[in-house]
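Visitor: Provided herewith: target.txt, compact mmCIF, C-alpha atoms.
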# COMPACT_ATOMS: atom_id res chain seq x y z
CA MET A 1 0.00 0.00 0.00
CA ARG A 2 1.27 3.48 -0.90
CA SER A 3 1.23 6.36 1.55
CA LEU A 4 -0.25 9.84 1.17
CA SER A 5 0.41 12.89 3.35
CA ILE A 6 -2.16 15.67 3.17
CA VAL A 7 -0.59 18.90 4.46
CA ILE A 8 -2.92 21.74 5.44
CA PRO A 9 -1.62 25.11 6.75
CA ALA A 10 -4.02 26.71 9.19
CA LEU A 11 -4.20 30.12 10.84
CA ASN A 12 -7.27 30.55 13.07
CA GLU A 13 -9.31 27.98 11.14
CA ALA A 14 -11.01 26.16 14.04
CA GLU A 15 -14.39 27.05 12.56
CA ASN A 16 -13.62 25.53 9.15
CA LEU A 17 -11.62 22.44 10.12
CA PRO A 18 -14.58 20.12 10.83
CA ALA A 19 -15.90 20.62 7.29
CA VAL A 20 -12.42 20.37 5.75
CA MET A 21 -11.57 17.14 7.59
CA ALA A 22 -14.96 15.65 6.75
CA SER A 23 -14.32 16.30 3.04
CA ILE A 24 -11.23 14.06 2.99
CA PRO A 25 -12.40 10.68 1.59
CA ARG A 26 -10.29 8.41 3.78
CA VAL A 27 -12.30 5.25 3.06
CA GLU A 28 -12.21 5.80 -0.70
CA LEU A 29 -8.49 6.51 -0.54
CA MET A 30 -7.91 3.33 1.46
CA GLU A 31 -9.90 1.30 -1.06
CA ALA A 32 -7.72 2.80 -3.81
CA GLY A 33 -4.58 1.62 -2.01
CA TRP A 34 -3.58 4.78 -0.14
CA ALA A 35 -2.72 4.90 3.57
CA THR A 36 -3.40 8.52 4.49
CA GLU A 37 -2.07 10.87 7.15
CA VAL A 38 -3.41 14.40 7.59
CA ILE A 39 -1.00 17.03 8.90
CA VAL A 40 -2.44 20.36 10.02
CA VAL A 41 0.21 23.03 10.51
CA ASP A 42 -0.89 25.43 13.22
CA ASN A 43 0.68 28.72 12.12
CA ALA A 44 0.57 30.54 15.50
CA SER A 45 -3.23 30.54 15.72
CA THR A 46 -4.94 32.41 18.53
CA ASP A 47 -8.05 30.23 18.48
CA ASP A 48 -8.52 26.48 19.06
CA THR A 49 -7.17 25.38 15.67
CA ALA A 50 -4.68 22.88 17.12
CA GLU A 51 -7.13 21.34 19.58
CA VAL A 52 -9.87 20.98 16.97
CA ALA A 53 -7.46 19.43 14.46
CA ARG A 54 -6.27 16.84 16.99
CA SER A 55 -9.81 15.99 17.99
CA LEU A 56 -10.59 15.27 14.33
CA GLY A 57 -7.68 12.85 13.94
CA ALA A 58 -5.06 15.10 12.36
CA THR A 59 -1.39 15.23 13.28
CA VAL A 60 -0.69 18.80 14.40
CA VAL A 61 2.62 20.48 13.63
CA SER A 62 3.31 23.83 15.28
CA GLN A 63 4.98 26.57 13.23
CA PRO A 64 5.26 29.71 15.41
CA ARG A 65 6.73 31.79 12.55
CA ARG A 66 3.75 33.03 10.64
CA GLY A 67 3.68 32.80 6.88
CA TYR A 68 2.15 30.51 4.27
CA GLY A 69 5.55 29.30 3.10
CA ASN A 70 6.84 28.81 6.64
CA ALA A 71 3.81 26.66 7.41
CA TYR A 72 4.31 24.47 4.35
CA ILE A 73 8.02 23.98 4.96
CA ALA A 74 7.25 22.72 8.48
CA GLY A 75 4.49 20.48 7.17
CA PHE A 76 6.60 18.95 4.40
CA ASP A 77 9.41 18.26 6.85
CA ALA A 78 6.95 16.31 9.01
CA ALA A 79 5.26 14.44 6.15
CA THR A 80 6.11 10.74 5.74
CA GLY A 81 4.05 9.86 2.65
CA ASP A 82 5.32 8.71 -0.74
CA VAL A 83 3.07 11.42 -2.19
CA ILE A 84 2.18 14.81 -0.69
CA ALA A 85 -1.08 16.66 -1.34
CA THR A 86 -1.91 20.17 -0.17
CA GLY A 87 -4.83 22.53 0.24
CA ASP A 88 -5.97 25.35 2.48
CA ALA A 89 -8.06 25.01 5.64
CA ASP A 90 -10.70 27.49 4.44
CA CYS A 91 -13.04 25.07 2.59
CA THR A 92 -12.05 26.38 -0.87
CA TYR A 93 -10.16 23.33 -2.18
CA PRO A 94 -11.84 20.01 -3.15
CA PHE A 95 -10.14 17.39 -1.00
CA ASP A 96 -12.94 15.04 -2.02
CA ALA A 97 -11.40 15.05 -5.54
CA LEU A 98 -8.14 13.49 -4.31
CA PRO A 99 -8.88 9.91 -5.50
CA HIS A 100 -9.51 11.23 -9.02
CA LEU A 101 -6.44 13.48 -8.96
CA LEU A 102 -4.20 10.70 -7.67
CA HIS A 103 -5.46 8.46 -10.48
CA ILE A 104 -4.40 11.13 -12.99
CA LEU A 105 -1.03 11.44 -11.26
CA ASP A 106 -0.41 7.72 -11.77
CA ALA A 107 -2.00 7.37 -15.20
CA ARG A 108 -0.02 10.28 -16.65
CA ASN A 109 3.21 9.42 -14.79
CA VAL A 110 3.29 12.91 -13.26
CA GLU A 111 5.76 13.99 -10.58
CA PHE A 112 4.30 17.42 -9.78
CA MET A 113 0.63 18.22 -10.35
CA THR A 114 -0.78 21.68 -9.78
CA THR A 115 -4.35 22.87 -10.20
CA ASN A 116 -6.18 25.65 -12.01
CA ARG A 117 -8.96 27.48 -10.14
CA LEU A 118 -9.45 30.22 -12.74
CA GLY A 119 -12.00 28.54 -14.99
CA ARG A 120 -15.19 30.49 -15.71
CA GLU A 121 -17.23 28.00 -13.71
CA ASN A 122 -15.45 29.16 -10.52
CA ARG A 123 -16.02 32.90 -10.93
CA HIS A 124 -18.56 33.02 -8.11
CA ALA A 125 -15.99 31.79 -5.56
CA MET A 126 -13.49 34.63 -5.98
CA LYS A 127 -13.78 38.41 -5.85
CA PRO A 128 -13.43 40.05 -9.29
CA SER A 129 -10.40 42.01 -8.07
CA HIS A 130 -8.73 38.80 -6.89
CA THR A 131 -9.51 37.09 -10.19
CA ILE A 132 -7.87 39.93 -12.13
CA ALA A 133 -4.83 39.89 -9.85
CA ASN A 134 -4.47 36.12 -10.19
CA HIS A 135 -4.62 36.31 -13.98
CA ALA A 136 -2.06 39.14 -14.01
CA LEU A 137 0.42 37.32 -11.74
CA SER A 138 -0.08 34.08 -13.66
CA GLY A 139 0.54 35.82 -16.97
CA LEU A 140 3.76 37.39 -15.71
CA SER A 141 4.87 34.07 -14.25
CA ARG A 142 4.29 32.32 -17.59
CA ALA A 143 6.27 35.01 -19.41
CA LEU A 144 9.23 34.73 -17.04
CA PHE A 145 9.37 30.96 -16.58
CA ARG A 146 7.76 29.74 -19.83
CA ASN A 147 5.93 26.85 -18.18
CA GLY A 148 2.45 27.46 -19.56
CA LEU A 149 0.72 27.33 -16.16
CA ARG A 150 -2.60 29.17 -16.13
CA ASP A 151 -2.91 29.60 -12.35
CA SER A 152 0.37 30.38 -10.62
CA GLN A 153 -1.32 31.08 -7.29
CA SER A 154 -3.33 27.90 -6.73
CA GLY A 155 -2.69 26.30 -3.35
CA MET A 156 -3.56 22.70 -4.23
CA TRP A 157 -0.67 20.54 -5.44
CA ILE A 158 0.00 16.80 -5.49
CA PHE A 159 3.56 15.64 -5.93
CA GLN A 160 5.96 12.77 -5.46
CA ARG A 161 7.99 13.13 -2.29
CA HIS A 162 11.33 13.31 -4.12
CA VAL A 163 10.27 16.52 -5.86
CA TRP A 164 10.56 18.45 -2.60
CA THR A 165 14.15 17.26 -2.12
CA GLY A 166 15.08 18.39 -5.64
CA ILE A 167 13.94 22.02 -5.57
CA ASP A 168 14.97 25.17 -3.75
CA VAL A 169 11.91 27.06 -2.46
CA ARG A 170 12.55 29.97 -0.09
CA SER A 171 9.45 32.16 0.17
CA PRO A 172 8.13 32.44 3.75
CA GLY A 173 4.80 33.91 2.66
CA MET A 174 2.12 33.64 -0.04
CA ALA A 175 4.70 33.69 -2.85
CA PHE A 176 5.60 30.13 -1.86
CA SER A 177 2.72 28.94 -4.05
CA GLN A 178 4.11 30.36 -7.28
CA GLU A 179 7.70 29.58 -6.36
CA ILE A 180 7.14 25.86 -5.83
CA LYS A 181 5.48 25.57 -9.26
CA ASN A 182 8.19 27.51 -11.07
CA ALA A 183 10.93 25.61 -9.25
CA ALA A 184 9.41 22.22 -10.10
CA THR A 185 8.93 23.01 -13.79
CA ARG A 186 12.39 24.58 -14.18
CA ALA A 187 14.08 21.66 -12.43
CA GLY A 188 12.80 19.28 -15.10
CA PHE A 189 10.16 17.30 -13.22
CA ARG A 190 7.20 15.88 -15.14
CA CYS A 191 4.53 18.49 -14.40
CA LEU A 192 0.82 18.81 -15.18
CA GLU A 193 -1.87 21.39 -14.45
CA VAL A 194 -5.48 20.22 -14.11
CA PRO A 195 -8.71 22.18 -13.52
CA ILE A 196 -10.49 21.88 -10.18
CA GLU A 197 -13.61 23.18 -8.55
CA TYR A 198 -12.91 26.19 -6.36
CA ARG A 199 -15.36 26.91 -3.55
CA VAL A 200 -16.49 29.89 -1.53
CA ARG A 201 -14.26 30.57 1.44
CA GLY A 202 -15.50 29.87 4.93
CA GLY A 203 -14.77 32.24 7.80
CA GLU A 204 -12.45 35.23 7.87
CA VAL A 205 -10.36 36.16 4.81
CA LYS A 206 -6.61 36.14 5.62
CA LEU A 207 -5.30 37.46 2.30
CA ASN A 208 -3.73 40.94 2.37
CA ALA A 209 -4.22 41.70 -1.30
CA LEU A 210 -1.87 44.64 -1.88
CA PRO A 211 1.09 43.62 0.35
CA ASP A 212 0.87 39.99 -0.80
CA GLY A 213 0.64 41.04 -4.45
CA VAL A 214 3.71 43.27 -4.17
CA ALA A 215 5.63 40.50 -2.39
CA ASN A 216 4.67 38.04 -5.14
CA LEU A 217 5.89 40.42 -7.84
CA ARG A 218 9.22 40.91 -6.08
CA GLN A 219 9.64 37.16 -5.60
CA LEU A 220 9.00 36.43 -9.29
CA PHE A 221 11.87 38.64 -10.41
CA GLU A 222 14.20 37.50 -7.63
CA HIS A 223 13.51 33.87 -8.52
CA LYS A 224 14.08 34.54 -12.20
CA LEU A 225 17.45 36.18 -11.51
CA ARG A 226 18.47 33.32 -9.22
CA ASP A 227 17.34 30.77 -11.79
CA ASN A 228 19.35 32.38 -14.58
CA ARG A 229 22.51 32.48 -12.47
CA PHE A 230 22.03 28.85 -11.49
CA ARG A 231 21.60 27.74 -15.08
CA THR A 232 24.84 29.36 -16.22
CA THR A 233 26.93 27.60 -13.57
CA PRO A 234 29.21 25.03 -15.30
CA ALA A 235 28.88 22.62 -12.35
CA ARG A 236 25.21 22.11 -13.15
CA MET A 237 25.79 18.98 -15.25
CA VAL A 238 22.78 16.91 -14.15
CA PRO A 239 19.23 18.30 -14.03
CA ALA A 240 17.90 18.57 -10.48
CA ALA A 241 14.98 16.29 -11.33
CA GLU A 242 17.29 13.52 -12.53
CA ALA A 243 19.38 13.71 -9.36
CA ALA A 244 16.26 13.65 -7.16
CA ARG A 245 14.89 10.62 -9.01
CA ALA A 246 18.21 8.80 -8.60
CA ASN A 247 18.32 9.57 -4.88
CA ALA A 248 14.72 8.42 -4.43
CA ALA A 249 15.43 5.19 -6.30
CA ALA A 250 18.51 4.57 -4.15
CA GLU A 251 16.49 5.21 -0.99
CA ARG A 252 13.79 2.76 -2.08
CA ALA A 253 16.43 0.16 -2.95
CA ALA A 254 18.06 0.60 0.47
CA GLN A 255 14.71 0.21 2.22
CA ALA A 256 13.96 -2.93 0.21
CA ALA A 257 17.38 -4.34 1.07
CA GLU A 258 16.82 -3.65 4.79
CA GLN A 259 13.43 -5.36 4.66
CA ALA A 260 14.91 -8.36 2.85
CA ALA A 261 17.76 -8.61 5.36
CA ALA A 262 15.29 -8.47 8.25
CA LEU A 263 13.21 -11.22 6.66
CA VAL A 264 16.27 -13.43 6.11
CA ALA A 265 17.33 -12.90 9.73
CA GLU A 266 13.86 -13.80 10.94
CA LEU A 267 13.77 -16.99 8.84
CA ALA A 268 17.25 -17.94 10.04
CA ALA A 269 16.21 -17.45 13.65
CA ARG A 270 13.20 -19.67 13.13
CA ALA A 271 15.35 -22.36 11.49
CA THR A 272 17.72 -22.56 14.48
CA LEU A 273 15.02 -22.83 17.13
CA PRO A 274 15.22 -26.12 19.10
CA ALA A 275 12.70 -28.73 18.06
CA LEU A 276 9.63 -28.86 20.23
CA PRO A 277 9.28 -32.02 22.36
CA THR A 278 6.90 -34.66 21.10
CA PRO A 279 3.60 -34.39 22.98
CA ARG A 280 3.21 -37.06 25.65
CA THR A 281 0.24 -39.33 25.54
CA VAL A 282 -1.69 -40.83 28.45
CA ASP A 283 -0.02 -44.22 27.76
CA ASP A 284 3.43 -42.63 28.08
CA VAL A 285 2.53 -41.31 31.51
CA ARG A 286 1.19 -44.69 32.64
CA LEU A 287 4.44 -46.43 31.55
CA GLU A 288 6.54 -43.93 33.51
CA LEU A 289 4.43 -44.49 36.64
CA ALA A 290 4.71 -48.22 36.27
Could I get this file's structure written as structure tokens?

Guide:
Amino acid sequence: MRSLSIVIPALNEAENLPAVMASIPRVELMEAGWATEVIVVDNASTDDTAEVARSLGATVVSQPRRGYGNAYIAGFDAATGDVIATGDADCTYPFDALPHLLHILDARNVEFMTTNRLGRENRHAMKPSHTIANHALSGLSRALFRNGLRDSQSGMWIFQRHVWTGIDVRSPGMAFSQEIKNAATRAGFRCLEVPIEYRVRGGEVKLNALPDGVANLRQLFEHKLRDNRFRTTPARMVPAAEAARANAAAERAAQAAEQAAALVAELAARATLPALPTPRTVDDVRLELA
């Protein structure tokens, strides 16, 4: 059975967590061959986010440094799954679509899957000003990184664990979302963007539109400059994706070897156990007494 880690950053989302946790189709995922852990990253909440998450069966990771990126970095470090899936704790992302999305991940042999919320069918779930800003940032991101992604700001991704070890993502805040996509595509991983349903947010809006937008713009250009410098370094002989795949394959081989060695040791121990005495019958006892 394969393992899935669902990482959810949360800042004062106690009100929304029951609905979010209920939307995760654990039984369906289990039937599809996925053992699932849910990690809620409490990003210095002032309400009962951590307590509610624990009561609903989630593993809670505390990240006292606020910031969307900071929360995800802590969550990814704690995740143990072969595959990592993400989404916000505000009821906007369709966790109930995970079985379908994971099927696409496998069927298309994808390493990093991101999602597009900006289809016309989702217009009711986002303010017009936010829609315009998302399209503008996505257009600039496409122009700079030439990856064809339509929604650079989407917060729902599904990716193989080794992708995280093969990319350099630094943003502590909301820009983390665009940076992880651009880093994954530029590193050479097999990437795919799929449309999803985007839903009306529950509870208080946390987005600070102007400051976050300015920070995202600055991060795009900083990342582009860093990326260009990195690509002109002669030492970069092997694509990051290829190195990450090789490391992941070596890790899996080492784990398989350890399991095989443990099994051989167990069989050897069983083979050297002393033979059990033959059960005594009633007649045997009578002969001894006689």

Visitor: To one decimal place in Å, what is the distance between CA of Ile132 (chain A) and CA of Asp96 (chain A)?

Guide: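 It comes out at 27.3 Å.
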
Visitor: Rounded to one decimal in Å, what is the spacing between CA of Pro128 (chain A) and CA of Val214 (chain A)?

Guide: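 That distance, rounded to one decimal, is 18.2 Å.
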
Visitor: Applying 12 Å and only C-alpha atoms, which residues near Glu179 (chain A) remain after dropping the ones on its own chain fewer than 4 positions away? List them as an mmCIF file with C-alpha atoms, in the coordinates of the input.

Guide:
data_model
loop_
_atom_site.group_PDB
_atom_site.id
_atom_site.type_symbol
_atom_site.label_atom_id
_atom_site.label_comp_id
_atom_site.auth_asym_id
_atom_site.auth_seq_id
_atom_site.Cartn_x
_atom_site.Cartn_y
_atom_site.Cartn_z
ATOM 1 C CA GLY A 69 5.550 29.300 3.100
ATOM 2 C CA LEU A 137 0.420 37.320 -11.740
ATOM 3 C CA SER A 138 -0.080 34.080 -13.660
ATOM 4 C CA SER A 141 4.870 34.070 -14.250
ATOM 5 C CA LEU A 144 9.230 34.730 -17.040
ATOM 6 C CA PHE A 145 9.370 30.960 -16.580
ATOM 7 C CA SER A 152 0.370 30.380 -10.620
ATOM 8 C CA GLN A 153 -1.320 31.080 -7.290
ATOM 9 C CA SER A 154 -3.330 27.900 -6.730
ATOM 10 C CA GLY A 155 -2.690 26.300 -3.350
ATOM 11 C CA ILE A 167 13.940 22.020 -5.570
ATOM 12 C CA ASP A 168 14.970 25.170 -3.750
ATOM 13 C CA VAL A 169 11.910 27.060 -2.460
ATOM 14 C CA ARG A 170 12.550 29.970 -0.090
ATOM 15 C CA SER A 171 9.450 32.160 0.170
ATOM 16 C CA PRO A 172 8.130 32.440 3.750
ATOM 17 C CA GLY A 173 4.800 33.910 2.660
ATOM 18 C CA MET A 174 2.120 33.640 -0.040
ATOM 19 C CA ALA A 175 4.700 33.690 -2.850
ATOM 20 C CA ALA A 183 10.930 25.610 -9.250
ATOM 21 C CA ALA A 184 9.410 22.220 -10.100
ATOM 22 C CA THR A 185 8.930 23.010 -13.790
ATOM 23 C CA ARG A 186 12.390 24.580 -14.180
ATOM 24 C CA ALA A 187 14.080 21.660 -12.430
ATOM 25 C CA ALA A 215 5.630 40.500 -2.390
ATOM 26 C CA ASN A 216 4.670 38.040 -5.140
ATOM 27 C CA LEU A 217 5.890 40.420 -7.840
ATOM 28 C CA ARG A 218 9.220 40.910 -6.080
ATOM 29 C CA GLN A 219 9.640 37.160 -5.600
ATOM 30 C CA LEU A 220 9.000 36.430 -9.290
ATOM 31 C CA PHE A 221 11.870 38.640 -10.410
ATOM 32 C CA GLU A 222 14.200 37.500 -7.630
ATOM 33 C CA HIS A 223 13.510 33.870 -8.520
ATOM 34 C CA LYS A 224 14.080 34.540 -12.200
ATOM 35 C CA ARG A 226 18.470 33.320 -9.220
ATOM 36 C CA ASP A 227 17.340 30.770 -11.790
#

Visitor: Can you work out which one of A:Thr80, A:Thr36, A:Thr86, A:Gln160 has the shortest atom-to-atom distance to Ala244 (chain A), counting all atoms listed in the file?

Guide: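 Under the stated criterion, the closest residue is A:Gln160.
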
Visitor: Would you mind telling me which residue in A:Leu192, A:Ile6, A:Leu210, A:Val264 lies nearest to Ala107 (chain A) when using only C-alpha atoms?

Guide: A:Leu192

Visitor: In terms of the shortest atom-to-atom distance over all atoms listed in the file, which of A:Asn208, A:Asn122, A:Ser55, A:Gln259 is closest to Tyr93 (chain A)?

Guide: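 Closest residue, counting all atoms listed in the file: A:Asn122.
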
Visitor: Enter the distance from CA of Phe159 (chain A) to CA of Cys191 (chain A), in Å, rounded to one decimal.

Guide: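 Between CA of Phe159 (chain A) and CA of Cys191 (chain A) the gap works out to 9.0 Å.
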
Visitor: Which residues, written as a PyMOL selection string, have at least one atom at most 9 Å from Asp88 (chain A), with only C-alpha atoms counted and residues fewer than 5 positions away on the same chain left out?

Guide: chain A and resi 7-10+20+93+155-156

Visitor: May I have the protein, DNA and RNA residues with any atom at most 7 Å from the point (4.4, 25.4, 9.3), counting only C-alpha atoms, written as an MDAnalysis selection string?

Guide: chainID A and resid 9 41:43 61:63 70:75

Visitor: Take the residues that were just selected and, keeping C-alpha atoms, output them as a short mmCIF file (atom, residue, chain, number, x, y, z; two decimals), keeping the file's coordinate frame.

Guide:
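Below is the file result.cif, written as the result:
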data_model
loop_
_atom_site.label_atom_id
_atom_site.label_comp_id
_atom_site.auth_asym_id
_atom_site.auth_seq_id
_atom_site.Cartn_x
_atom_site.Cartn_y
_atom_site.Cartn_z
CA PRO A 9 -1.62 25.11 6.75
CA VAL A 41 0.21 23.03 10.51
CA ASP A 42 -0.89 25.43 13.22
CA ASN A 43 0.68 28.72 12.12
CA VAL A 61 2.62 20.48 13.63
CA SER A 62 3.31 23.83 15.28
CA GLN A 63 4.98 26.57 13.23
CA ASN A 70 6.84 28.81 6.64
CA ALA A 71 3.81 26.66 7.41
CA TYR A 72 4.31 24.47 4.35
CA ILE A 73 8.02 23.98 4.96
CA ALA A 74 7.25 22.72 8.48
CA GLY A 75 4.49 20.48 7.17
#

Visitor: Which polymer residues have any atom within 8 Å of an atom of Gly57 (chain A), counting only C-alpha atoms, with same-chain residues fewer than 3 positions away left out, as a VMD selection string?

Guide: chain A and resid 38 53 to 54

Visitor: Pick out the closest residue to Arg142 (chain A) from this set: A:Lys127, A:Gln178, A:Asn16, A:Ala79. Count all atoms listed in the file.

Guide: A:Gln178

Visitor: When you look at Glu37 (chain A) with a cut-off of 8 Å (counting all atoms listed in the file), what residues show up, excluding the ones that are within fewer than 2 positions of it in the same chain? I need them as a list in words.

Guide: Ser3, Leu4, Ser5, Ile6, Ala35, Ile39, Ala58, Thr59 and Gly81 of chain A

Visitor: Within 8 Å of Leu98 (chain A), counting all atoms listed in the file, which residues show up once you throw out same-chain ones fewer than 4 positions away? Write them as a JSON list (two decimals) with C-alpha atoms, keeping the file's coordinate frame, please.

Guide:
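Contents of out_37.json, freshly written:
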[["chain", "number", "residue", "atom", "x", "y", "z"],
["A", 24, "ILE", "CA", -11.23, 14.06, 2.99],
["A", 25, "PRO", "CA", -12.40, 10.68, 1.59],
["A", 29, "LEU", "CA", -8.49, 6.51, -0.54],
["A", 94, "PRO", "CA", -11.84, 20.01, -3.15],
["A", 102, "LEU", "CA", -4.20, 10.70, -7.67]]

Visitor: Here is a test: counting only C-alpha atoms, which residue of A:Arg146, A:Arg65, A:His100, A:Arg245 is nearest to Ile158 (chain A)?

Guide: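 Among the listed residues, the smallest separation from Ile158 (chain A) belongs to A:His100.
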